[in-house]
Amino acid sequence: MITRLSLFLLLLALFVNFSLADEGMYPISDIHKLNLKAKGLKIDPNALYNPDGVSLIDAIVMVGGCTGSFVSSDGLILTNHHCAFGAAQAASTKENDYIANGFLAKTRAEEAQAIGYTVRITDSYRDVSREVLSAVTEGMDLAERTKAIDRKMKELAAEAEQQHPGKRAEVSEMFAGRTYVLFIYTYLRDVRMVYVPPRSIGEFGGETDNWIWPRHTGDFSFMRVYVAPDGSPADYSPTNVPYKPRKILKVQPAGVDEGDFVFLLGYPGRTNRHRTSHFMQYEEQYRMPYIANLYDWQIAVMKEMGEKDREVAIKHAARIKSLANVMKRFRGQLKGLDRLNLVEKKKLEEADLQRFIDSDPRRNEVYGTVLTEIGKVYEEITSRAESEIILDFLPSSSTMLSAAYRIYEASIERQKPDLERESAYMDRNFPRTKETMLRALADYHDETDRTFLRELLMQAGSLPMNQRVPAIGALLTTGNVERDIASFIDKAYPASKLNNEQYVLELLSTSKEELETINDPFLKLARALYPTYQALKETRQRREGALSKLSALLVDVKEQYLKTAFIPDANRTLRLTFGYIRGYNPADATYYSPITTLKGVIEKTTGEEPFDTPEKVINLANAKEYGRYKHPKLNDVPVAILYNTDTTGGNSGSPVINANGELVGVNFDRAWEATINDFAWSESYSRSIAVDIRYVLWVTEKVGEADHLLTEMGLK
Ligand code: ASP
């Protein structure tokens with residue numbers, strides 16, 4: 001007989017199970033170890049993931065660095081507005097401004113190429129840790145160790161591609177020095193824009209609201225992927241046909257409600273939860289503040305350049321957006337590191353771990369010096385932080401210098417056997433490397449490039465003597481850094497043709513010897529910088545070799561100490577995370593509820609960018625034309641939803657899926673306090689944000705009048 005107490009305990013257990021989300025971006029190999037039914041899943045977990053058959057994961061794609069999902073059997077993909085933004089920007093001109101006005105293809109023939117976009121679908125995976133680690137030997141030189149692992153990973157991928165013709169293979173490091181997984185992907189290259197709402201919907205609230213809840217952004221778009229008529233992956237061609245996905249997600253126009261169980265599938269980019277306090281300290285003190293300040297300044301420069309000329313503003317739009325996104329995230333993370341005192345907390349955890357290690361002589365023998373050794377690597381990194389970070393941003397800040405550097409590096413790398421090349425120059429990647437360079441040149445703006453390069457050269461030229469790079473020293477002929485750099489810039493730009501796409505393409509297949517005879521100031525600078533970057537690469541390979549060896553030991557002993565098995569940090573491989581639609585307390589006596597509505601859009605509207613809601617939306621909202629998208633209790637169209645899953649960048653565009661396996665939202669952001677997720681996740685503050693499917697459909701139907709898309713998704 002069930003006593004009252006046991007009934008109470010049973011209910012309590014059920015409640016705890018149902019209401020707790022977990023930290024974790026679970027690899028698909030772990031899905032069946034999770035008791036998702038007990039958490040609220042109503043479908044058979046096999047329908048979610050079935051290695052031997054078709055399941056929901058077959059509907060999930062990586063697109064443009066984001067996630068997306070198939071929502072029709074004709075390859076229609078639902079993702080974020082900010083994920084399609086680069087495509088809209090590349091296709092925009094002053095006359096056809098798709099950023100401001102949005103883009104809608106009324107017919108398939110009107111769907112516009114999303115230049116540079118690819119789609120990746122996970123087909124299968126296999127643990128290859130043993131094979132990868134067979135490449136290393138105990139006393140191996142540390143830089144050699146890194147190279148050996150890298151080479152082995154490339155070899156395994158190349159072998160797998162031979163066994164799976166037409167597929168793409170990639171080996172991913174799950175735990176440095178410990179776990180490696182080979183993934184086989186379907187990789188498609190003809191992606192097109194279908195519907196991108198105007199910026200005043202898709203990016204409503206702009207940078208003011210970015211990383212913030214409550215949110216009212218319609219951050220969604222539709223794209224489509226095409227293949228050759230025989231179904232094989234192909235480059236863009238008007239004769240291509242829509243791809244037929246193995247699985248599509250059913251779109252659920254009824255949406256979700258507060259408290260509902262949800263899960264996300266996607267390709268989260270990078271988290272650093274398994275790193276030590278040393279890494280965090282380096283990030284907090286050096287890397288993140290440097291980048292946030294640099295980007296802040298670069299954004300201001302680009303905005304100013306675009307003020308008088310829309311053409312220039314369009315050229316800069318995607319870069320501004322992506323820098324602003326990173327900059328604000330870093331500011332949020334710096335606040336979070338400080339607020340939570342994370343470095344100190346980590347140090348205390350490490351001190352506990354050290355005590356555990358020291359408490360057993362055998363354990364001490366194996367793991368005793370791991371933490372101090374990691375500390376030493378970071379001491380070295382820290383002692384050269386400033387100059388190394390400047391070197392990292394020097395070429396990438398200037399399209400001209402980075403084109404020159406790539407050209408020179410290509411001439412050296414392309415001579416090596418394919419598997420020994422830097423990955424950008426391998427045969428499988430080189431066409432895309434070229435494409436990316438050409439994209440950057442298409443957005444080239446002389447004055448911006450000069451301004452950025454001048455600043456970075458000034459920074460490099462002002463480093464203390466012992467950190468100064470010879471190639472930069474050579475520019476300082478009079479000793480007056482400002483004057484010398486200005487004179488280099490003034491002479492170099494008019495003398496170079498590297499902003500010419502055709503010329504760059506030619507140089508990309510020119511030999512090193514020939515390049516050395518060309519009298520181009522940027523090529524000369526790139527050549528002079530080359531030895532410095534090579535030395536830095538070698539140094540980093542040595543550090544990585546040390547860290548990979550030490551991290552493997554660290555994870556081992558931490559697992560023994562905490563008696564748990566860890567989930568690998570995010571690394572752009574397919575993951576699942578689950579949780580519940582739920583609000584939170586960001587501050588004392590403040591509670592945020594988890595669903596926003598159209599009413600909030602109108603309340604925020606000022607008529608000025610980024611709060612300039614289109615007239616049509618205002619009229620529809622005033623007329624309460626909600627159609628079937630009204631939330632029964634809120635009496636309005638839900639716009640965004642909040643939930644306690646574990647996400648990071650790359651999860652942008654991830655479908656938010658309900659207990660029945662249906663799509664109810666599109667993930668696009670995190671709340672301010674959750675920017676720190678990348679270092680530490682907590683149920684109390686980690687909240688992710690999606691655009692509610694009801695707003696997606698309402699905008700598509702009532703504002704975009706794209707009824708054909710609703711029909712295609714089986715909703716009409
Ligand atoms: N909006 C975010 C991004 O751009 C998504 C996230 O990081 O949660 O990366």
# chains A, B, ... in the order shown; residues from 1 in each chain; ligands from 1

$ select_by_dssp --residues "region 144-365 of chain A" --states "strand (DSSP E)" --output "number ranges by chain"
A: 168-175, 179-188, 190-196, 221-227, 241-242, 250-251, 261-266

$ write_last_selection --atoms "C-alpha atoms" --output "compact mmCIF listing (two decimals), in the first residue's frame"
# COMPACT_ATOMS: atom_id res chain seq x y z
CA ARG A 168 32.31 15.16 -46.26
CA ALA A 169 34.18 13.74 -43.27
CA GLU A 170 35.53 15.63 -40.29
CA VAL A 171 37.27 14.46 -37.12
CA SER A 172 36.31 16.55 -34.10
CA GLU A 173 38.20 16.81 -30.86
CA MET A 174 35.69 16.20 -28.07
CA PHE A 175 38.19 16.19 -25.16
CA THR A 179 38.41 11.74 -27.25
CA TYR A 180 38.03 12.15 -31.01
CA VAL A 181 34.98 11.45 -33.15
CA LEU A 182 34.76 11.05 -36.91
CA PHE A 183 31.59 12.54 -38.39
CA ILE A 184 30.25 11.87 -41.87
CA TYR A 185 28.26 14.74 -43.31
CA THR A 186 26.09 15.36 -46.32
CA TYR A 187 27.50 18.65 -47.53
CA LEU A 188 25.47 20.80 -49.92
CA ASP A 190 23.70 25.55 -53.42
CA VAL A 191 21.77 27.52 -50.81
CA ARG A 192 19.24 30.24 -51.62
CA MET A 193 17.28 32.95 -49.85
CA VAL A 194 13.54 32.46 -49.78
CA TYR A 195 12.10 34.92 -47.27
CA VAL A 196 14.04 37.35 -45.13
CA SER A 221 14.19 33.61 -42.23
CA PHE A 222 13.57 30.87 -44.75
CA MET A 223 16.24 29.46 -47.06
CA ARG A 224 16.29 26.53 -49.45
CA VAL A 225 18.98 24.09 -50.42
CA TYR A 226 19.39 22.71 -53.94
CA VAL A 227 21.21 19.74 -55.50
CA VAL A 241 16.51 21.06 -58.00
CA PRO A 242 15.35 21.31 -54.36
CA LYS A 250 6.44 19.32 -38.30
CA VAL A 251 5.70 22.96 -37.57
CA PHE A 261 9.18 20.79 -21.81
CA VAL A 262 11.29 21.70 -24.85
CA PHE A 263 14.50 20.49 -26.40
CA LEU A 264 16.85 21.90 -29.00
CA LEU A 265 19.05 20.22 -31.56
CA GLY A 266 21.87 22.20 -33.07

$ residues_around --residues "Asn50 (chain A)" --least-positions-apart "4" --cutoff "12 Å" --atoms "only C-alpha atoms" --output "NGL selection string"
:A and (28-32 or 44-46 or 54-58 or 123-124)

$ residues_near_ligand --ligand "ligand 1" --cutoff "9 Å" --atoms "only C-alpha atoms and all ligand atoms" --output "list of chain:residue names"
A:Cys66, A:His82, A:Cys83, A:Asn210, A:Trp211, A:Pro268, A:Gly269, A:Ser322, A:Asn325, A:Val326, A:Arg329, A:Thr647, A:Thr648, A:Gly649, A:Gly650, A:Asn651, A:Ser652, A:Gly653, A:Asn667, A:Phe668, A:Asp669, A:Arg670, A:Ala671, A:Ala674, A:Thr675, A:Asn677, A:Asp678, A:Ser688, A:Ile689

$ write_last_selection --atoms "C-alpha atoms" --output "tab-separated table (two decimals), in the first residue's frame"
chain	number	residue	atom	x	y	z
A	66	CYS	CA	24.24	28.59	-37.62
A	82	HIS	CA	20.78	37.06	-38.45
A	83	CYS	CA	21.95	33.79	-40.03
A	210	ASN	CA	20.74	42.21	-28.46
A	211	TRP	CA	21.52	39.72	-25.63
A	268	PRO	CA	26.76	24.94	-30.69
A	269	GLY	CA	30.11	26.59	-31.47
A	322	SER	CA	28.97	40.46	-36.33
A	325	ASN	CA	27.42	40.88	-31.49
A	326	VAL	CA	30.79	39.62	-30.26
A	329	ARG	CA	28.76	39.30	-25.65
A	647	THR	CA	23.07	26.99	-25.62
A	648	THR	CA	25.81	29.05	-27.16
A	649	GLY	CA	26.66	30.71	-30.50
A	650	GLY	CA	25.99	28.27	-33.34
A	651	ASN	CA	22.73	27.32	-31.66
A	652	SER	CA	21.35	30.33	-33.48
A	653	GLY	CA	18.59	28.98	-35.70
A	667	ASN	CA	16.43	29.89	-31.00
A	668	PHE	CA	18.39	33.10	-31.60
A	669	ASP	CA	19.96	34.48	-28.45
A	670	ARG	CA	20.54	34.34	-24.74
A	671	ALA	CA	19.58	36.68	-21.91
A	674	ALA	CA	23.53	33.95	-19.76
A	675	THR	CA	26.35	35.37	-21.88
A	677	ASN	CA	27.24	30.34	-20.24
A	678	ASP	CA	30.35	29.78	-22.29
A	688	SER	CA	17.98	31.22	-24.04
A	689	ILE	CA	15.65	33.12	-26.35

$ residues_around --residues "Glu349 (chain A)" --least-positions-apart "3" --cutoff "12 Å" --atoms "only C-alpha atoms" --output "PyMOL selection string"
chain A and resi 276-277+342-346+352-356+371+558+561-562

$ residues_around --residues "region 373-382 of chain A" --least-positions-apart "4" --cutoff "9 Å" --atoms "only C-alpha atoms" --output "MDAnalysis selection string"
chainID A and resid 276:279 282 286 369 386 388 543 546:547 550:551

$ write_last_selection --atoms "N, CA and C atoms" --output "PDB file, in the first residue's frame"
ATOM      1  N   THR A 276      40.836  25.698 -17.199  1.00  0.00           N
ATOM      2  CA  THR A 276      41.171  26.028 -15.805  1.00  0.00           C
ATOM      3  C   THR A 276      41.064  27.534 -15.538  1.00  0.00           C
ATOM      4  N   SER A 277      41.318  27.898 -14.285  1.00  0.00           N
ATOM      5  CA  SER A 277      41.286  29.312 -13.880  1.00  0.00           C
ATOM      6  C   SER A 277      42.297  30.132 -14.683  1.00  0.00           C
ATOM      7  N   HIS A 278      43.401  29.478 -15.076  1.00  0.00           N
ATOM      8  CA  HIS A 278      44.449  30.220 -15.795  1.00  0.00           C
ATOM      9  C   HIS A 278      43.919  30.761 -17.121  1.00  0.00           C
ATOM     10  N   PHE A 279      43.173  29.907 -17.802  1.00  0.00           N
ATOM     11  CA  PHE A 279      42.585  30.309 -19.080  1.00  0.00           C
ATOM     12  C   PHE A 279      41.612  31.471 -18.863  1.00  0.00           C
ATOM     13  N   TYR A 282      43.303  34.728 -18.203  1.00  0.00           N
ATOM     14  CA  TYR A 282      43.865  35.277 -19.439  1.00  0.00           C
ATOM     15  C   TYR A 282      42.760  35.941 -20.266  1.00  0.00           C
ATOM     16  N   TYR A 286      43.123  39.879 -20.596  1.00  0.00           N
ATOM     17  CA  TYR A 286      43.784  40.276 -21.843  1.00  0.00           C
ATOM     18  C   TYR A 286      42.892  40.208 -23.073  1.00  0.00           C
ATOM     19  N   THR A 369      51.386  17.158 -10.817  1.00  0.00           N
ATOM     20  CA  THR A 369      51.853  18.468 -11.309  1.00  0.00           C
ATOM     21  C   THR A 369      50.981  19.039 -12.438  1.00  0.00           C
ATOM     22  N   GLU A 386      50.090  40.688 -25.124  1.00  0.00           N
ATOM     23  CA  GLU A 386      49.798  41.896 -25.890  1.00  0.00           C
ATOM     24  C   GLU A 386      50.259  41.765 -27.342  1.00  0.00           C
ATOM     25  N   GLU A 388      51.086  39.108 -29.067  1.00  0.00           N
ATOM     26  CA  GLU A 388      50.448  38.018 -29.823  1.00  0.00           C
ATOM     27  C   GLU A 388      49.032  38.383 -30.249  1.00  0.00           C
ATOM     28  N   ARG A 543      52.549  24.803 -27.315  1.00  0.00           N
ATOM     29  CA  ARG A 543      51.653  25.006 -26.157  1.00  0.00           C
ATOM     30  C   ARG A 543      50.448  24.071 -26.239  1.00  0.00           C
ATOM     31  N   ALA A 546      51.310  20.642 -25.188  1.00  0.00           N
ATOM     32  CA  ALA A 546      51.393  20.519 -23.731  1.00  0.00           C
ATOM     33  C   ALA A 546      49.993  20.505 -23.125  1.00  0.00           C
ATOM     34  N   LEU A 547      49.169  21.447 -23.565  1.00  0.00           N
ATOM     35  CA  LEU A 547      47.834  21.559 -22.965  1.00  0.00           C
ATOM     36  C   LEU A 547      46.970  20.345 -23.268  1.00  0.00           C
ATOM     37  N   LEU A 550      48.034  17.639 -20.939  1.00  0.00           N
ATOM     38  CA  LEU A 550      47.658  17.949 -19.554  1.00  0.00           C
ATOM     39  C   LEU A 550      46.139  17.949 -19.364  1.00  0.00           C
ATOM     40  N   SER A 551      45.408  18.455 -20.361  1.00  0.00           N
ATOM     41  CA  SER A 551      43.938  18.503 -20.213  1.00  0.00           C
ATOM     42  C   SER A 551      43.359  17.109 -20.121  1.00  0.00           C
TER      43      SER A 551
END

$ residues_around --residues "Gln534 (chain A)" --least-positions-apart "6" --cutoff "12 Å" --atoms "only C-alpha atoms" --output "list in words"
Leu391, Tyr405, Glu409, Ile412, Glu413, Glu422, Ala526, Arg527, Ala528, Arg540 and Gln541 of chain A

$ residues_around --residues "Asn466 (chain A)" --least-positions-apart "5" --cutoff "12 Å" --atoms "only C-alpha atoms" --output "list in words"
Ser383, Arg384, Ser387, Ala460, Gly461 and Gly473 of chain A

$ write_last_selection --atoms "N, CA and C atoms" --output "PDB file, in the first residue's frame"
ATOM      1  N   SER A 383      52.688  36.333 -20.641  1.00  0.00           N
ATOM      2  CA  SER A 383      53.843  37.232 -20.727  1.00  0.00           C
ATOM      3  C   SER A 383      53.968  37.821 -22.135  1.00  0.00           C
ATOM      4  N   ARG A 384      53.371  37.174 -23.143  1.00  0.00           N
ATOM      5  CA  ARG A 384      53.469  37.712 -24.503  1.00  0.00           C
ATOM      6  C   ARG A 384      52.099  38.069 -25.061  1.00  0.00           C
ATOM      7  N   SER A 387      51.538  41.377 -27.515  1.00  0.00           N
ATOM      8  CA  SER A 387      52.047  41.344 -28.892  1.00  0.00           C
ATOM      9  C   SER A 387      51.375  40.235 -29.694  1.00  0.00           C
ATOM     10  N   ALA A 460      51.261  47.804 -33.214  1.00  0.00           N
ATOM     11  CA  ALA A 460      52.411  46.900 -33.323  1.00  0.00           C
ATOM     12  C   ALA A 460      53.717  47.682 -33.231  1.00  0.00           C
ATOM     13  N   GLY A 461      53.717  48.875 -33.824  1.00  0.00           N
ATOM     14  CA  GLY A 461      54.931  49.695 -33.809  1.00  0.00           C
ATOM     15  C   GLY A 461      55.217  50.281 -32.441  1.00  0.00           C
ATOM     16  N   GLY A 473      59.272  46.773 -37.402  1.00  0.00           N
ATOM     17  CA  GLY A 473      60.441  47.607 -37.103  1.00  0.00           C
ATOM     18  C   GLY A 473      61.007  48.213 -38.389  1.00  0.00           C
TER      19      GLY A 473
END

$ atom_distance --atom1 "CA of Ala318 (chain A)" --atom2 "CA of Pro245 (chain A)"
29.6 Å

$ atom_distance --atom1 "CA of Asp358 (chain A)" --atom2 "CA of Lys549 (chain A)"
19.8 Å

$ residues_around --residues "Lys154 (chain A)" --least-positions-apart "6" --cutoff "10 Å" --atoms "only C-alpha atoms" --output "list in words"
Val132, Ala148, Ala160, Ala169, Glu170, Val171, Asp418, Leu419, Glu420, Arg421 and Ser423 of chain A

$ write_last_selection --atoms "C-alpha atoms" --output "short mmCIF file (atom, residue, chain, number, x, y, z; two decimals), in the first residue's frame"
data_model
loop_
_atom_site.label_atom_id
_atom_site.label_comp_id
_atom_site.auth_asym_id
_atom_site.auth_seq_id
_atom_site.Cartn_x
_atom_site.Cartn_y
_atom_site.Cartn_z
CA VAL A 132 44.08 9.43 -33.45
CA ALA A 148 50.88 14.33 -35.51
CA ALA A 160 36.43 8.13 -44.73
CA ALA A 169 34.18 13.74 -43.27
CA GLU A 170 35.53 15.63 -40.29
CA VAL A 171 37.27 14.46 -37.12
CA ASP A 418 47.62 17.92 -49.33
CA LEU A 419 47.42 16.42 -45.82
CA GLU A 420 50.32 18.53 -44.58
CA ARG A 421 48.80 21.84 -45.57
CA SER A 423 43.42 23.36 -43.64
#

$ select_by_dssp --residues "region 262-340 of chain A" --states "helix (DSSP H, G or I)" --output "VMD selection string"
chain A and resid 277 to 306 310 to 339

$ atom_distance --atom1 "CA of Thr564 (chain A)" --atom2 "CA of Glu673 (chain A)"
26.9 Å

$ closest_residue --among "A:Gly332, A:Gly68, A:Glu283, A:Tyr584" --to "Ser684 (chain A)" --atoms "only C-alpha atoms"
A:Tyr584

$ closest_residue --among "A:Phe330, A:Tyr49, A:Trp297, A:Tyr267" --to "Phe679 (chain A)" --atoms "only C-alpha atoms"
A:Phe330

$ closest_residue --among "A:Tyr290, A:Tyr367, A:Phe430, A:Trp213" --to "Arg687 (chain A)" --atoms "only C-alpha atoms"
A:Trp213
